[in-house]
Amino acid sequence: MLEIKNLHARIAEDGTEIIRGLNLTVKAGEVAAIMGPNGSGKSTLSYILAGRDDYEVTEGDILYNGESILELDPSERAAKGIFLAFQYPVEIPGVATMQFLKVAMNEQRKARGEEELKTPEFIKLVKEAAATLQINPDMLKRPLNVGFSGGEKKRAEILQMKLLGPQLCVLDETDSGLDIDALKIVSDGVNALRSPDRAVVVITHYQRLLEHIVPDSVHVLYNGRVIKSGDKDLALDLEANGYAGIIEAAA
Ligand code: ADP
Ligand code: MG
Ligand code: MG
């Protein structure tokens with residue numbers, strides 16, 4: 001489903017290369033975890049997948065279902081079923097969360113040539129999804145992410161993901177800022193999305209999240225490249241021994 005080949009990318013503004021020959025393949029049905037020390041380029045990779053124009057791809061390709069997405073803008077990527085939950089979700093003052101969700105869902109339906117959702121149908125879907133994530137209905141009336149706690153922001157992201165039902169989900173440090181209960185709710189939300197025709201990429205610093213969302217593959221990102229891949233035991237090894245040995249072996 002996702003094939004990243006020899007990707008090189010730099011910051012558009014000053015030309016600093018951040019992604020330096022990154023290779024990664026994620027199959028449909030797979031949950032892949034990306035780990036790595038701070039500053040490795042994990043968030044940058046998620047921005048590049050989203051299509052943010054502050055980064056430039058200088059070499060290599062990103063294939064999604066066999067087709068390059070490099071020329072697509074962020075909304076075209078979203079319409080094709082790519083969903084990114086960022087480490088720092090964007091605040092949207094003046095737009096109630098409910099309203100935001102309605103626009104997002106209807107945009108997606110439009111792109112697929114489907115009819116707009118009727119309001120009662122929309123409200124029912126949102127209320128059901130919000131309840132499974134233990135989201136307080138009052139939160140849905142507030143502007144998206146404005147003044148939300150860390151945990152509320154992450155739940156709001158998972159809610160969007162549930163409602164949009166993307167094919168490829170990328171979650172950047174969804175565990176940061178979550179207490180144990182919220183971590184469980186968010187993990188359950190992600191696990192409920194597991195399906196044979198969907199792929200999930202979970203970016204995380206810690207093994208803790210991977211106890212709840214057990215990955216099929218684990219990849220270590222360092223200095224803009226994947227330096228080691230393995231199964232879930234690799235995450236346990238990292239937790240016990242840190243990154244130093246793997247970084248040394250790669251060098
Ligand atoms: P990670 O998510 O793995 O902690 P990031 O992708 O956030 O790493 O950052 C990788 C490196 O690129 C860091 O050194 C960071 O400072 C730098 N970087 C990323 N984006 C920018 C930017 N827009 N401007 C300046 N530096 C950036
Ligand atoms: Mg970081
Ligand atoms: Mg990051």
# chains A, B, ... in the order shown; residues from 1 in each chain; ligands from 1
>>> residues_near_ligand(ligand="ligand 3", cutoff="8 Å", atoms="only C-alpha atoms and all ligand atoms", output="PyMOL selection string")
chain A and resi 38-39+41-44+87+172-173
>>> select_by_dssp(residues="range 141-219 of chain A", states="strand (DSSP E or B)", output="ChimeraX atom specification")
/A:143-144,168-172,199-203,217-219
>>> closest_residue(among="A:Thr97, A:Thr119, A:Asn136, A:Ser40", to="ligand 2", atoms="only C-alpha atoms and all ligand atoms")
A:Ser40
>>> closest_atom_pairs(of="chain A", to="ligand 1", cutoff="10 Å", atoms="only C-alpha atoms and all ligand atoms", output="tab-separated table")
residue	atom	partner	partner_atom_place_in_ligand_line	distance
A:Arg10	CA	ligand 1	20 (N)	8.5
A:Ile11	CA	ligand 1	23 (N)	5.8
A:Ala12	CA	ligand 1	23 (N)	8.0
A:Glu13	CA	ligand 1	23 (N)	7.7
A:Asp14	CA	ligand 1	24 (N)	8.0
A:Gly15	CA	ligand 1	24 (N)	9.6
A:Thr16	CA	ligand 1	26 (N)	7.6
A:Glu17	CA	ligand 1	12 (O)	8.1
A:Ile18	CA	ligand 1	12 (O)	5.4
A:Ile19	CA	ligand 1	10 (C)	8.3
A:Ile34	CA	ligand 1	3 (O)	9.5
A:Met35	CA	ligand 1	3 (O)	8.2
A:Gly36	CA	ligand 1	3 (O)	6.4
A:Pro37	CA	ligand 1	3 (O)	6.2
A:Asn38	CA	ligand 1	4 (O)	3.7
A:Gly39	CA	ligand 1	8 (O)	3.4
A:Ser40	CA	ligand 1	3 (O)	3.8
A:Gly41	CA	ligand 1	6 (O)	3.2
A:Lys42	CA	ligand 1	3 (O)	3.7
A:Ser43	CA	ligand 1	2 (O)	3.7
A:Thr44	CA	ligand 1	6 (O)	3.6
A:Leu45	CA	ligand 1	6 (O)	6.4
A:Ser46	CA	ligand 1	6 (O)	8.0
A:Tyr47	CA	ligand 1	6 (O)	8.4
A:Ile48	CA	ligand 1	6 (O)	9.8
A:Asp54	CA	ligand 1	23 (N)	6.6
A:Tyr55	CA	ligand 1	23 (N)	7.5
A:Gln87	CA	ligand 1	2 (O)	8.3
A:Asp172	CA	ligand 1	2 (O)	7.9
A:Glu173	CA	ligand 1	2 (O)	8.4
A:Ile203	CA	ligand 1	2 (O)	8.5
A:Thr204	CA	ligand 1	2 (O)	9.0
A:His205	CA	ligand 1	3 (O)	8.7
A:Leu221	CA	ligand 1	3 (O)	7.6
A:Tyr222	CA	ligand 1	3 (O)	7.8
A:Asn223	CA	ligand 1	10 (C)	7.8
A:Gly224	CA	ligand 1	10 (C)	7.6
>>> write_last_selection(atoms="C-alpha atoms", output="JSON list (two decimals), in the first residue's frame")
[["chain", "number", "residue", "atom", "x", "y", "z"],
["A", 10, "ARG", "CA", 14.86, 18.99, 2.46],
["A", 11, "ILE", "CA", 13.40, 22.02, 4.16],
["A", 12, "ALA", "CA", 12.17, 24.27, 1.36],
["A", 13, "GLU", "CA", 13.19, 27.47, 3.11],
["A", 14, "ASP", "CA", 16.88, 26.78, 3.71],
["A", 15, "GLY", "CA", 17.62, 23.59, 1.79],
["A", 16, "THR", "CA", 18.66, 21.51, 4.83],
["A", 17, "GLU", "CA", 18.36, 17.83, 3.97],
["A", 18, "ILE", "CA", 16.34, 15.99, 6.67],
["A", 19, "ILE", "CA", 15.29, 12.77, 4.93],
["A", 34, "ILE", "CA", 8.38, 3.82, 13.39],
["A", 35, "MET", "CA", 10.67, 4.51, 16.31],
["A", 36, "GLY", "CA", 13.82, 6.56, 16.66],
["A", 37, "PRO", "CA", 15.53, 9.17, 18.77],
["A", 38, "ASN", "CA", 14.42, 12.81, 18.83],
["A", 39, "GLY", "CA", 15.31, 14.73, 15.70],
["A", 40, "SER", "CA", 15.54, 11.63, 13.46],
["A", 41, "GLY", "CA", 13.01, 12.97, 10.98],
["A", 42, "LYS", "CA", 9.90, 11.08, 12.08],
["A", 43, "SER", "CA", 7.57, 14.10, 12.14],
["A", 44, "THR", "CA", 9.17, 15.42, 8.95],
["A", 45, "LEU", "CA", 8.31, 12.13, 7.25],
["A", 46, "SER", "CA", 4.66, 12.49, 8.32],
["A", 47, "TYR", "CA", 4.53, 16.07, 6.96],
["A", 48, "ILE", "CA", 5.99, 14.90, 3.66],
["A", 54, "ASP", "CA", 7.48, 23.49, 3.42],
["A", 55, "TYR", "CA", 9.42, 20.36, 2.43],
["A", 87, "GLN", "CA", 2.12, 15.27, 16.86],
["A", 172, "ASP", "CA", 2.67, 10.78, 14.90],
["A", 173, "GLU", "CA", 3.35, 10.37, 18.63],
["A", 203, "ILE", "CA", 5.24, 6.81, 15.08],
["A", 204, "THR", "CA", 6.29, 6.59, 18.69],
["A", 205, "HIS", "CA", 9.18, 7.09, 21.07],
["A", 221, "LEU", "CA", 14.54, 5.87, 11.84],
["A", 222, "TYR", "CA", 17.81, 7.67, 12.42],
["A", 223, "ASN", "CA", 19.31, 10.62, 10.62],
["A", 224, "GLY", "CA", 16.60, 10.53, 7.95]]
>>> residues_around(residues="Ala244 in chain A", least_positions_apart="4", cutoff="12 Å", atoms="only C-alpha atoms", output="ChimeraX atom specification")
/A:36-37,220,222,227,237-240,248-251
>>> write_last_selection(atoms="C-alpha atoms", output="mmCIF file, in the first residue's frame")
data_model
loop_
_atom_site.group_PDB
_atom_site.id
_atom_site.type_symbol
_atom_site.label_atom_id
_atom_site.label_comp_id
_atom_site.auth_asym_id
_atom_site.auth_seq_id
_atom_site.Cartn_x
_atom_site.Cartn_y
_atom_site.Cartn_z
ATOM 1 C CA GLY A 36 13.817 6.559 16.659
ATOM 2 C CA PRO A 37 15.530 9.170 18.772
ATOM 3 C CA VAL A 220 14.120 2.467 13.427
ATOM 4 C CA TYR A 222 17.809 7.668 12.418
ATOM 5 C CA ILE A 227 18.563 1.875 9.791
ATOM 6 C CA ASP A 237 15.021 -4.708 22.450
ATOM 7 C CA LEU A 238 15.104 -0.912 22.019
ATOM 8 C CA GLU A 239 13.275 -0.429 25.295
ATOM 9 C CA ALA A 240 15.817 -2.600 27.100
ATOM 10 C CA GLU A 248 26.677 2.034 15.905
ATOM 11 C CA ALA A 249 26.012 -1.111 13.881
ATOM 12 C CA ALA A 250 24.455 0.970 11.094
ATOM 13 C CA ALA A 251 27.466 3.291 11.009
#
